[in-house]
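Engineer: Pasting work_27.cif below, which is mmCIF, N, CA and C atoms.
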```
data_my_file
#
loop_
_atom_site.label_atom_id
_atom_site.label_comp_id
_atom_site.auth_asym_id
_atom_site.auth_seq_id
_atom_site.Cartn_x
_atom_site.Cartn_y
_atom_site.Cartn_z
N MET D 1 87.65 28.04 108.11
CA MET D 1 86.94 28.95 107.28
C MET D 1 87.67 30.28 107.18
N LYS D 2 87.75 30.69 105.99
CA LYS D 2 88.37 31.97 105.75
C LYS D 2 87.29 33.04 105.65
N SER D 3 87.51 34.15 106.31
CA SER D 3 86.54 35.25 106.21
C SER D 3 87.15 36.34 105.34
N ARG D 4 86.34 36.86 104.52
CA ARG D 4 86.79 37.94 103.65
C ARG D 4 86.38 39.28 104.26
N ILE D 5 87.35 40.12 104.36
CA ILE D 5 87.07 41.45 104.87
C ILE D 5 87.17 42.41 103.69
N GLU D 6 86.11 43.14 103.48
CA GLU D 6 86.11 44.12 102.41
C GLU D 6 86.25 45.51 103.01
N LEU D 7 87.13 46.27 102.41
CA LEU D 7 87.33 47.64 102.85
C LEU D 7 86.46 48.55 101.99
N SER D 8 85.81 49.48 102.66
CA SER D 8 84.96 50.43 101.95
C SER D 8 85.79 51.69 101.64
N THR D 9 85.76 52.12 100.39
CA THR D 9 86.53 53.31 100.00
C THR D 9 85.61 54.48 99.67
N LYS D 10 84.40 54.44 100.16
CA LYS D 10 83.46 55.53 99.91
C LYS D 10 83.82 56.72 100.80
N THR D 11 83.66 57.91 100.22
CA THR D 11 83.90 59.14 100.98
C THR D 11 82.55 59.75 101.30
N ASP D 12 82.36 60.07 102.58
CA ASP D 12 81.12 60.70 103.00
C ASP D 12 81.25 62.20 102.74
N VAL D 13 80.48 62.73 101.78
CA VAL D 13 80.61 64.12 101.36
C VAL D 13 79.77 65.08 102.19
N VAL D 14 78.85 64.60 102.97
CA VAL D 14 77.98 65.48 103.76
C VAL D 14 78.79 66.35 104.72
N PRO D 15 79.75 65.83 105.48
CA PRO D 15 80.54 66.71 106.35
C PRO D 15 81.36 67.74 105.56
N VAL D 16 81.85 67.37 104.39
CA VAL D 16 82.61 68.31 103.57
C VAL D 16 81.71 69.45 103.10
N ILE D 17 80.50 69.13 102.70
CA ILE D 17 79.55 70.15 102.27
C ILE D 17 79.19 71.07 103.44
N ASN D 18 78.96 70.50 104.61
CA ASN D 18 78.62 71.31 105.79
C ASN D 18 79.74 72.29 106.13
N VAL D 19 80.96 71.82 106.13
CA VAL D 19 82.10 72.69 106.44
C VAL D 19 82.23 73.78 105.37
N SER D 20 82.04 73.41 104.12
CA SER D 20 82.13 74.39 103.03
C SER D 20 81.08 75.48 103.18
N LEU D 21 79.87 75.12 103.52
CA LEU D 21 78.80 76.10 103.70
C LEU D 21 79.10 77.04 104.87
N VAL D 22 79.64 76.51 105.95
CA VAL D 22 79.99 77.36 107.09
C VAL D 22 81.08 78.35 106.70
N VAL D 23 82.07 77.91 105.94
CA VAL D 23 83.15 78.80 105.50
C VAL D 23 82.60 79.89 104.59
N VAL D 24 81.74 79.53 103.65
CA VAL D 24 81.16 80.51 102.73
C VAL D 24 80.32 81.54 103.49
N LEU D 25 79.48 81.08 104.41
CA LEU D 25 78.66 82.00 105.19
C LEU D 25 79.52 82.94 106.05
N THR D 26 80.57 82.40 106.64
CA THR D 26 81.46 83.22 107.45
C THR D 26 82.12 84.30 106.60
N LEU D 27 82.60 83.93 105.42
CA LEU D 27 83.22 84.91 104.53
C LEU D 27 82.22 85.96 104.07
N MET D 28 80.98 85.58 103.82
CA MET D 28 79.96 86.54 103.42
C MET D 28 79.69 87.56 104.53
N ILE D 29 79.70 87.10 105.77
CA ILE D 29 79.42 87.99 106.89
C ILE D 29 80.57 88.95 107.13
N ILE D 30 81.81 88.46 107.09
CA ILE D 30 82.94 89.34 107.40
C ILE D 30 83.41 90.15 106.20
N ALA D 31 82.95 89.84 105.00
CA ALA D 31 83.38 90.58 103.81
C ALA D 31 83.01 92.05 103.89
N GLN D 32 81.88 92.37 104.50
CA GLN D 32 81.46 93.76 104.62
C GLN D 32 82.41 94.55 105.48
N SER D 33 82.89 93.97 106.56
CA SER D 33 83.80 94.70 107.45
C SER D 33 85.21 94.76 106.87
N ILE D 34 85.58 93.83 106.03
CA ILE D 34 86.91 93.86 105.41
C ILE D 34 86.99 95.03 104.43
N ASN D 35 85.89 95.34 103.77
CA ASN D 35 85.86 96.40 102.77
C ASN D 35 85.86 97.80 103.39
N GLN D 36 85.59 97.91 104.68
CA GLN D 36 85.54 99.20 105.35
C GLN D 36 86.93 99.77 105.49
N ALA D 37 87.03 101.09 105.41
CA ALA D 37 88.32 101.76 105.59
C ALA D 37 88.75 101.65 107.05
N ASP D 38 90.05 101.51 107.28
CA ASP D 38 90.57 101.38 108.63
C ASP D 38 90.66 102.72 109.35
N THR D 39 90.60 103.80 108.63
CA THR D 39 90.75 105.11 109.21
C THR D 39 89.42 105.61 109.72
N ASP D 40 89.35 105.95 111.01
CA ASP D 40 88.13 106.48 111.59
C ASP D 40 88.06 107.98 111.35
N ILE D 41 86.97 108.41 110.73
CA ILE D 41 86.76 109.83 110.50
C ILE D 41 85.30 110.16 110.77
N ASN D 42 85.05 111.39 111.17
CA ASN D 42 83.68 111.89 111.31
C ASN D 42 83.32 112.59 110.03
N LEU D 43 82.44 111.99 109.26
CA LEU D 43 82.04 112.58 107.99
C LEU D 43 81.05 113.71 108.25
N PRO D 44 81.05 114.74 107.41
CA PRO D 44 80.05 115.79 107.55
C PRO D 44 78.67 115.24 107.22
N GLU D 45 77.64 115.90 107.78
CA GLU D 45 76.27 115.46 107.52
C GLU D 45 75.71 116.17 106.31
N ALA D 46 74.91 115.44 105.53
CA ALA D 46 74.27 116.04 104.36
C ALA D 46 73.11 115.16 103.93
N ARG D 47 72.19 115.77 103.22
CA ARG D 47 71.09 115.02 102.64
C ARG D 47 71.50 114.67 101.23
N ALA D 48 71.71 113.40 100.95
CA ALA D 48 72.18 112.98 99.63
C ALA D 48 71.69 111.57 99.35
N THR D 49 71.94 111.11 98.15
CA THR D 49 71.52 109.77 97.77
C THR D 49 72.59 108.76 98.14
N GLN D 50 72.16 107.56 98.43
CA GLN D 50 73.07 106.47 98.77
C GLN D 50 73.71 105.95 97.50
N SER D 51 75.01 105.78 97.54
CA SER D 51 75.71 105.25 96.38
C SER D 51 76.38 103.95 96.78
N GLU D 52 76.11 102.91 96.04
CA GLU D 52 76.74 101.63 96.32
C GLU D 52 77.55 101.20 95.11
N GLU D 53 78.29 102.13 94.57
CA GLU D 53 79.11 101.86 93.41
C GLU D 53 80.22 100.89 93.78
N GLU D 54 80.37 99.85 93.02
CA GLU D 54 81.47 98.92 93.22
C GLU D 54 82.75 99.47 92.62
N ASN D 55 82.62 100.30 91.62
CA ASN D 55 83.74 100.81 90.85
C ASN D 55 84.14 102.18 91.39
N LYS D 56 84.76 102.20 92.59
CA LYS D 56 85.12 103.48 93.18
C LYS D 56 86.52 103.43 93.76
N ILE D 57 87.12 104.62 93.82
CA ILE D 57 88.44 104.79 94.41
C ILE D 57 88.26 105.73 95.59
N GLU D 58 88.63 105.29 96.79
CA GLU D 58 88.45 106.11 97.97
C GLU D 58 89.74 106.83 98.35
N ILE D 59 89.60 108.13 98.58
CA ILE D 59 90.70 108.93 99.11
C ILE D 59 90.23 109.44 100.46
N THR D 60 90.96 109.09 101.52
CA THR D 60 90.55 109.40 102.88
C THR D 60 91.57 110.31 103.54
N CYS D 61 91.08 111.31 104.26
CA CYS D 61 91.96 112.20 105.03
C CYS D 61 91.40 112.29 106.44
N ASN D 62 92.22 111.90 107.42
CA ASN D 62 91.74 111.95 108.80
C ASN D 62 92.14 113.26 109.47
N LEU D 63 91.75 113.43 110.71
CA LEU D 63 91.98 114.68 111.43
C LEU D 63 93.46 114.94 111.68
N GLU D 64 94.28 113.89 111.71
CA GLU D 64 95.72 114.06 111.89
C GLU D 64 96.41 114.50 110.61
N GLY D 65 95.67 114.58 109.52
CA GLY D 65 96.23 115.03 108.25
C GLY D 65 96.79 113.92 107.39
N GLN D 66 96.65 112.67 107.82
CA GLN D 66 97.12 111.54 107.01
C GLN D 66 96.16 111.36 105.83
N ILE D 67 96.73 111.11 104.66
CA ILE D 67 95.94 110.92 103.45
C ILE D 67 96.17 109.51 102.94
N PHE D 68 95.09 108.84 102.58
CA PHE D 68 95.17 107.46 102.08
C PHE D 68 94.47 107.37 100.74
N VAL D 69 95.12 106.75 99.77
CA VAL D 69 94.48 106.38 98.51
C VAL D 69 94.26 104.88 98.63
N GLY D 70 93.00 104.49 98.80
CA GLY D 70 92.71 103.10 99.16
C GLY D 70 93.22 102.88 100.57
N GLU D 71 94.18 101.99 100.73
CA GLU D 71 94.77 101.74 102.04
C GLU D 71 96.21 102.21 102.13
N LEU D 72 96.72 102.83 101.06
CA LEU D 72 98.10 103.27 101.00
C LEU D 72 98.22 104.73 101.40
N GLU D 73 99.06 105.02 102.40
CA GLU D 73 99.25 106.40 102.85
C GLU D 73 100.13 107.15 101.87
N VAL D 74 99.71 108.37 101.52
CA VAL D 74 100.43 109.20 100.54
C VAL D 74 100.52 110.63 101.05
N VAL D 75 101.38 111.42 100.41
CA VAL D 75 101.43 112.86 100.66
C VAL D 75 100.63 113.52 99.53
N PRO D 76 100.17 114.76 99.72
CA PRO D 76 99.30 115.37 98.71
C PRO D 76 99.87 115.36 97.29
N SER D 77 101.16 115.57 97.13
CA SER D 77 101.74 115.61 95.79
C SER D 77 101.72 114.24 95.09
N GLU D 78 101.52 113.16 95.82
CA GLU D 78 101.48 111.82 95.24
C GLU D 78 100.08 111.41 94.79
N ILE D 79 99.06 112.19 95.18
CA ILE D 79 97.67 111.80 94.88
C ILE D 79 97.43 111.76 93.37
N ALA D 80 97.74 112.85 92.67
CA ALA D 80 97.44 112.93 91.23
C ALA D 80 98.14 111.84 90.43
N PRO D 81 99.47 111.61 90.60
CA PRO D 81 100.10 110.55 89.81
C PRO D 81 99.54 109.16 90.12
N MET D 82 99.31 108.88 91.41
CA MET D 82 98.79 107.56 91.78
C MET D 82 97.38 107.38 91.25
N LEU D 83 96.55 108.39 91.41
CA LEU D 83 95.18 108.32 90.93
C LEU D 83 95.15 108.21 89.41
N GLY D 84 96.06 108.91 88.74
CA GLY D 84 96.15 108.82 87.28
C GLY D 84 96.44 107.41 86.81
N GLU D 85 97.34 106.72 87.51
CA GLU D 85 97.65 105.32 87.16
C GLU D 85 96.44 104.42 87.36
N ILE D 86 95.75 104.61 88.48
CA ILE D 86 94.57 103.79 88.76
C ILE D 86 93.48 104.04 87.72
N LEU D 87 93.28 105.32 87.37
CA LEU D 87 92.24 105.66 86.40
C LEU D 87 92.59 105.22 84.99
N ARG D 88 93.87 105.08 84.70
CA ARG D 88 94.28 104.58 83.38
C ARG D 88 93.80 103.14 83.20
N ASP D 89 93.87 102.35 84.27
CA ASP D 89 93.40 100.97 84.21
C ASP D 89 91.89 100.86 84.37
N ASN D 90 91.28 101.86 85.01
CA ASN D 90 89.85 101.82 85.32
C ASN D 90 89.25 103.20 85.09
N PRO D 91 89.07 103.63 83.83
CA PRO D 91 88.69 105.01 83.53
C PRO D 91 87.31 105.42 84.02
N GLY D 92 86.39 104.51 84.22
CA GLY D 92 85.04 104.87 84.65
C GLY D 92 84.85 104.91 86.15
N ALA D 93 85.92 104.73 86.91
CA ALA D 93 85.80 104.67 88.37
C ALA D 93 85.41 106.03 88.95
N ILE D 94 84.59 105.98 89.99
CA ILE D 94 84.19 107.19 90.71
C ILE D 94 85.21 107.42 91.82
N THR D 95 85.70 108.65 91.92
CA THR D 95 86.65 109.00 92.97
C THR D 95 85.87 109.57 94.14
N VAL D 96 85.93 108.89 95.30
CA VAL D 96 85.21 109.31 96.50
C VAL D 96 86.20 109.89 97.49
N VAL D 97 85.98 111.15 97.89
CA VAL D 97 86.85 111.80 98.87
C VAL D 97 86.14 111.75 100.22
N ARG D 98 86.80 111.13 101.19
CA ARG D 98 86.28 111.03 102.56
C ARG D 98 87.20 111.86 103.44
N ALA D 99 86.65 112.88 104.09
CA ALA D 99 87.46 113.74 104.95
C ALA D 99 86.70 113.99 106.24
N ASP D 100 87.45 114.07 107.34
CA ASP D 100 86.86 114.35 108.65
C ASP D 100 86.19 115.73 108.63
N ARG D 101 85.03 115.83 109.25
CA ARG D 101 84.27 117.09 109.24
C ARG D 101 85.00 118.22 109.95
N ASP D 102 85.91 117.92 110.88
CA ASP D 102 86.63 118.94 111.63
C ASP D 102 87.94 119.35 110.95
N LEU D 103 88.23 118.77 109.81
CA LEU D 103 89.43 119.12 109.06
C LEU D 103 89.27 120.51 108.46
N LEU D 104 90.34 121.27 108.42
CA LEU D 104 90.29 122.61 107.85
C LEU D 104 89.92 122.55 106.37
N TYR D 105 89.10 123.49 105.95
CA TYR D 105 88.62 123.53 104.57
C TYR D 105 89.78 123.61 103.57
N GLY D 106 90.83 124.34 103.93
CA GLY D 106 91.98 124.48 103.04
C GLY D 106 92.64 123.14 102.74
N LYS D 107 92.69 122.25 103.71
CA LYS D 107 93.29 120.92 103.51
C LYS D 107 92.44 120.11 102.53
N ILE D 108 91.12 120.18 102.70
CA ILE D 108 90.21 119.46 101.81
C ILE D 108 90.31 120.02 100.39
N GLU D 109 90.41 121.34 100.30
CA GLU D 109 90.53 121.99 98.99
C GLU D 109 91.83 121.56 98.29
N GLU D 110 92.90 121.42 99.07
CA GLU D 110 94.18 120.96 98.51
C GLU D 110 94.05 119.54 97.95
N ILE D 111 93.37 118.67 98.70
CA ILE D 111 93.18 117.29 98.26
C ILE D 111 92.32 117.26 96.99
N LEU D 112 91.24 118.03 96.97
CA LEU D 112 90.37 118.07 95.79
C LEU D 112 91.12 118.59 94.56
N ALA D 113 92.00 119.57 94.75
CA ALA D 113 92.79 120.10 93.63
C ALA D 113 93.70 119.02 93.06
N GLU D 114 94.31 118.22 93.94
CA GLU D 114 95.17 117.13 93.49
C GLU D 114 94.36 116.05 92.77
N VAL D 115 93.16 115.76 93.28
CA VAL D 115 92.30 114.77 92.63
C VAL D 115 91.90 115.24 91.24
N GLU D 116 91.58 116.52 91.10
CA GLU D 116 91.17 117.06 89.80
C GLU D 116 92.29 117.00 88.77
N LYS D 117 93.54 117.04 89.21
CA LYS D 117 94.67 116.96 88.28
C LYS D 117 94.71 115.62 87.55
N ALA D 118 94.13 114.58 88.17
CA ALA D 118 94.12 113.24 87.55
C ALA D 118 92.96 113.09 86.56
N HIS D 119 92.08 114.08 86.47
CA HIS D 119 90.94 114.10 85.55
C HIS D 119 90.04 112.87 85.69
N PRO D 120 89.52 112.60 86.90
CA PRO D 120 88.58 111.48 87.03
C PRO D 120 87.26 111.81 86.36
N SER D 121 86.51 110.78 85.99
CA SER D 121 85.22 111.00 85.33
C SER D 121 84.20 111.61 86.31
N GLU D 122 84.35 111.30 87.60
CA GLU D 122 83.40 111.81 88.59
C GLU D 122 84.08 111.87 89.96
N ILE D 123 83.83 112.95 90.70
CA ILE D 123 84.34 113.10 92.06
C ILE D 123 83.15 113.21 92.99
N SER D 124 83.15 112.42 94.07
CA SER D 124 82.06 112.45 95.05
C SER D 124 82.65 112.74 96.42
N LEU D 125 81.84 113.37 97.28
CA LEU D 125 82.24 113.63 98.66
C LEU D 125 81.41 112.74 99.57
N ALA D 126 82.06 111.97 100.43
CA ALA D 126 81.36 111.08 101.34
C ALA D 126 80.83 111.88 102.52
N THR D 127 79.57 111.62 102.91
CA THR D 127 78.95 112.28 104.04
C THR D 127 78.17 111.27 104.86
N SER D 128 77.76 111.67 106.06
CA SER D 128 76.87 110.86 106.88
C SER D 128 75.45 111.38 106.69
N PRO D 129 74.45 110.53 106.92
CA PRO D 129 73.07 111.01 106.83
C PRO D 129 72.82 112.09 107.87
N GLU D 130 71.94 113.04 107.57
CA GLU D 130 71.63 114.11 108.51
C GLU D 130 71.12 113.52 109.81
N GLY D 131 71.61 114.07 110.92
CA GLY D 131 71.17 113.63 112.24
C GLY D 131 71.88 112.39 112.74
N ALA D 132 72.80 111.84 111.97
CA ALA D 132 73.50 110.62 112.39
C ALA D 132 74.58 110.92 113.41
N GLY D 133 75.10 112.14 113.44
CA GLY D 133 76.14 112.49 114.40
C GLY D 133 77.47 111.92 113.97
N GLU D 134 77.82 110.77 114.50
CA GLU D 134 79.08 110.11 114.16
C GLU D 134 78.97 109.52 112.76
N SER D 135 80.13 109.28 112.14
CA SER D 135 80.10 108.68 110.81
C SER D 135 79.62 107.25 110.91
N THR D 136 78.87 106.85 109.92
CA THR D 136 78.36 105.50 109.88
C THR D 136 79.20 104.68 108.93
N PRO D 137 79.25 103.34 109.11
CA PRO D 137 80.03 102.52 108.21
C PRO D 137 79.62 102.68 106.77
N GLU D 138 78.35 102.89 106.51
CA GLU D 138 77.86 103.06 105.16
C GLU D 138 77.65 104.54 104.92
N GLY D 139 78.70 105.25 104.53
CA GLY D 139 78.60 106.69 104.29
C GLY D 139 77.77 106.97 103.05
N VAL D 140 77.03 108.04 103.08
CA VAL D 140 76.25 108.48 101.93
C VAL D 140 77.18 109.30 101.05
N VAL D 141 77.04 109.16 99.78
CA VAL D 141 77.91 109.88 98.87
C VAL D 141 77.13 111.00 98.20
N ALA D 142 77.61 112.22 98.36
CA ALA D 142 76.99 113.36 97.69
C ALA D 142 77.77 113.65 96.42
N ARG D 143 77.07 113.82 95.32
CA ARG D 143 77.75 114.06 94.05
C ARG D 143 77.53 115.47 93.60
#
```
What is this structure when it is put down as structure tokens?

Structural biologist:
Amino acid sequence: MKSRIELSTKTDVVPVINVSLVVVLTLMIIAQSINQADTDINLPEARATQSEEENKIEITCNLEGQIFVGELEVVPSEIAPMLGEILRDNPGAITVVRADRDLLYGKIEEILAEVEKAHPSEISLATSPEGAGESTPEGVVAR
């Protein structure tokens, strides 16, 4: 007697779906921390409205005097040309300036002057909520 052996070519999709859902959930959880700036700064405290604008350009200055447009370190004279290029592609973007609260006012004024040279539609200053002390990951934006 000859026995016939049949091979099954069915693919079980349940494990694939489970793995896919775990990957998606993991990416959703870590996406918030990926979007955070790497530079630690103490933002000044202020009473302002929360802004969750997706269309924003962040300029950060830490206590050591390093200036970042997004994640790229620049010198003050490079801010206006770089910001101008970004705004040419995205004219409605809000420019958010994040500066350490202990930074000298003159340094912040210099950065704001360079930002204004690029003629953004709106400039905002990032702050922490009153009484928060240290800067929080979700800085409040004062306009």

Engineer: If you count only N, CA and C atoms, which residues fall within 5 Å of Ala118 of chain D, apart from same-chain ones fewer than 4 positions away, as a PyMOL selection string?

Structural biologist: chain D and resi 80+84+114

Engineer: Using only N, CA and C atoms, which of D:Thr60, D:Ser128, D:Thr11, D:Ser77 sits nearest Val97 of chain D?

Structural biologist: D:Thr60

Engineer: What is the distance between atom CA of Glu73 of chain D and atom C of Ala126 of chain D, in Å to one decimal?

Structural biologist: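 Between atom CA of Glu73 of chain D and atom C of Ala126 of chain D the gap works out to 19.2 Å.
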
Engineer: Written as a PyMOL selection string, which residues does the PyMOL selection byres ((chain D and resi 89-93) around 8) give for the file shown?

Structural biologist: chain D and resi 54-57+83-88+94-96+120-123

Engineer: Quick one: pull the distance between atom C of Gly70 of chain D and atom CA of Glu58 of chain D, Å, one decimal.

Structural biologist: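 Computing it gives 6.3 Å between the two atoms.
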
Engineer: Enumerate as a PDB file with N, CA and C atoms, in the frame of the given file all residues of segment 54-122 of chain D assigned to strand (DSSP E) by DSSP on the backbone, naming them with the chain letters and numbers the document uses.

Structural biologist:
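Final output, saved to selection-v6.pdb:
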```pdb
ATOM      1  N   LYS D  56      84.760 102.200  92.590  1.00  0.00           N
ATOM      2  CA  LYS D  56      85.120 103.480  93.180  1.00  0.00           C
ATOM      3  C   LYS D  56      86.520 103.430  93.760  1.00  0.00           C
ATOM      4  N   ILE D  57      87.120 104.620  93.820  1.00  0.00           N
ATOM      5  CA  ILE D  57      88.440 104.790  94.410  1.00  0.00           C
ATOM      6  C   ILE D  57      88.260 105.730  95.590  1.00  0.00           C
ATOM      7  N   GLU D  58      88.630 105.290  96.790  1.00  0.00           N
ATOM      8  CA  GLU D  58      88.450 106.110  97.970  1.00  0.00           C
ATOM      9  C   GLU D  58      89.740 106.830  98.350  1.00  0.00           C
ATOM     10  N   ILE D  59      89.600 108.130  98.580  1.00  0.00           N
ATOM     11  CA  ILE D  59      90.700 108.930  99.110  1.00  0.00           C
ATOM     12  C   ILE D  59      90.230 109.440 100.460  1.00  0.00           C
ATOM     13  N   THR D  60      90.960 109.090 101.520  1.00  0.00           N
ATOM     14  CA  THR D  60      90.550 109.400 102.880  1.00  0.00           C
ATOM     15  C   THR D  60      91.570 110.310 103.540  1.00  0.00           C
ATOM     16  N   CYS D  61      91.080 111.310 104.260  1.00  0.00           N
ATOM     17  CA  CYS D  61      91.960 112.200 105.030  1.00  0.00           C
ATOM     18  C   CYS D  61      91.400 112.290 106.440  1.00  0.00           C
ATOM     19  N   ILE D  67      96.730 111.110 104.660  1.00  0.00           N
ATOM     20  CA  ILE D  67      95.940 110.920 103.450  1.00  0.00           C
ATOM     21  C   ILE D  67      96.170 109.510 102.940  1.00  0.00           C
ATOM     22  N   PHE D  68      95.090 108.840 102.580  1.00  0.00           N
ATOM     23  CA  PHE D  68      95.170 107.460 102.080  1.00  0.00           C
ATOM     24  C   PHE D  68      94.470 107.370 100.740  1.00  0.00           C
ATOM     25  N   VAL D  69      95.120 106.750  99.770  1.00  0.00           N
ATOM     26  CA  VAL D  69      94.480 106.380  98.510  1.00  0.00           C
ATOM     27  C   VAL D  69      94.260 104.880  98.630  1.00  0.00           C
ATOM     28  N   LEU D  72      96.720 102.830 101.060  1.00  0.00           N
ATOM     29  CA  LEU D  72      98.100 103.270 101.000  1.00  0.00           C
ATOM     30  C   LEU D  72      98.220 104.730 101.400  1.00  0.00           C
ATOM     31  N   GLU D  73      99.060 105.020 102.400  1.00  0.00           N
ATOM     32  CA  GLU D  73      99.250 106.400 102.850  1.00  0.00           C
ATOM     33  C   GLU D  73     100.130 107.150 101.870  1.00  0.00           C
ATOM     34  N   VAL D  74      99.710 108.370 101.520  1.00  0.00           N
ATOM     35  CA  VAL D  74     100.430 109.200 100.540  1.00  0.00           C
ATOM     36  C   VAL D  74     100.520 110.630 101.050  1.00  0.00           C
ATOM     37  N   ILE D  94      84.590 105.980  89.990  1.00  0.00           N
ATOM     38  CA  ILE D  94      84.190 107.190  90.710  1.00  0.00           C
ATOM     39  C   ILE D  94      85.210 107.420  91.820  1.00  0.00           C
ATOM     40  N   THR D  95      85.700 108.650  91.920  1.00  0.00           N
ATOM     41  CA  THR D  95      86.650 109.000  92.970  1.00  0.00           C
ATOM     42  C   THR D  95      85.870 109.570  94.140  1.00  0.00           C
ATOM     43  N   VAL D  96      85.930 108.890  95.300  1.00  0.00           N
ATOM     44  CA  VAL D  96      85.210 109.310  96.500  1.00  0.00           C
ATOM     45  C   VAL D  96      86.200 109.890  97.490  1.00  0.00           C
ATOM     46  N   VAL D  97      85.980 111.150  97.890  1.00  0.00           N
ATOM     47  CA  VAL D  97      86.850 111.800  98.870  1.00  0.00           C
ATOM     48  C   VAL D  97      86.140 111.750 100.220  1.00  0.00           C
ATOM     49  N   ARG D  98      86.800 111.130 101.190  1.00  0.00           N
ATOM     50  CA  ARG D  98      86.280 111.030 102.560  1.00  0.00           C
ATOM     51  C   ARG D  98      87.200 111.860 103.440  1.00  0.00           C
ATOM     52  N   ALA D  99      86.650 112.880 104.090  1.00  0.00           N
ATOM     53  CA  ALA D  99      87.460 113.740 104.950  1.00  0.00           C
ATOM     54  C   ALA D  99      86.700 113.990 106.240  1.00  0.00           C
ATOM     55  N   GLU D 122      84.350 111.300  87.600  1.00  0.00           N
ATOM     56  CA  GLU D 122      83.400 111.810  88.590  1.00  0.00           C
ATOM     57  C   GLU D 122      84.080 111.870  89.960  1.00  0.00           C
TER      58      GLU D 122
END
```

Engineer: Would you mind telling me which residue in D:Pro76, D:Pro129, D:Pro81, D:Gly65 lies nearest to Leu103 of chain D when using only N, CA and C atoms?

Structural biologist: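 Among the listed residues, the smallest separation from Leu103 of chain D belongs to D:Gly65.
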
Engineer: As a list in words, please: the residues near Cys61 of chain D (cut-off 6.5 Å, all atoms listed in the file, same-chain neighbours under 5 positions excluded).

Structural biologist: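 So, after excluding close chain neighbours, the residues are Gln66, Ile67, Phe68, Val97, Arg98, Ala99 and Asp100 of chain D.
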
Engineer: Mind pulling up the distance from atom C of Ala31 of chain D to atom N of Ile79 of chain D?

Structural biologist: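 That distance, rounded to one decimal, is 27.2 Å.
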
Engineer: Between D:Val16, D:Leu21, D:Thr26, D:Ile108, single out the one closest to Leu63 of chain D, counting only C-alpha atoms.

Structural biologist: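 Looking only at the distances to Leu63 of chain D, the closest residue turns out to be D:Ile108.
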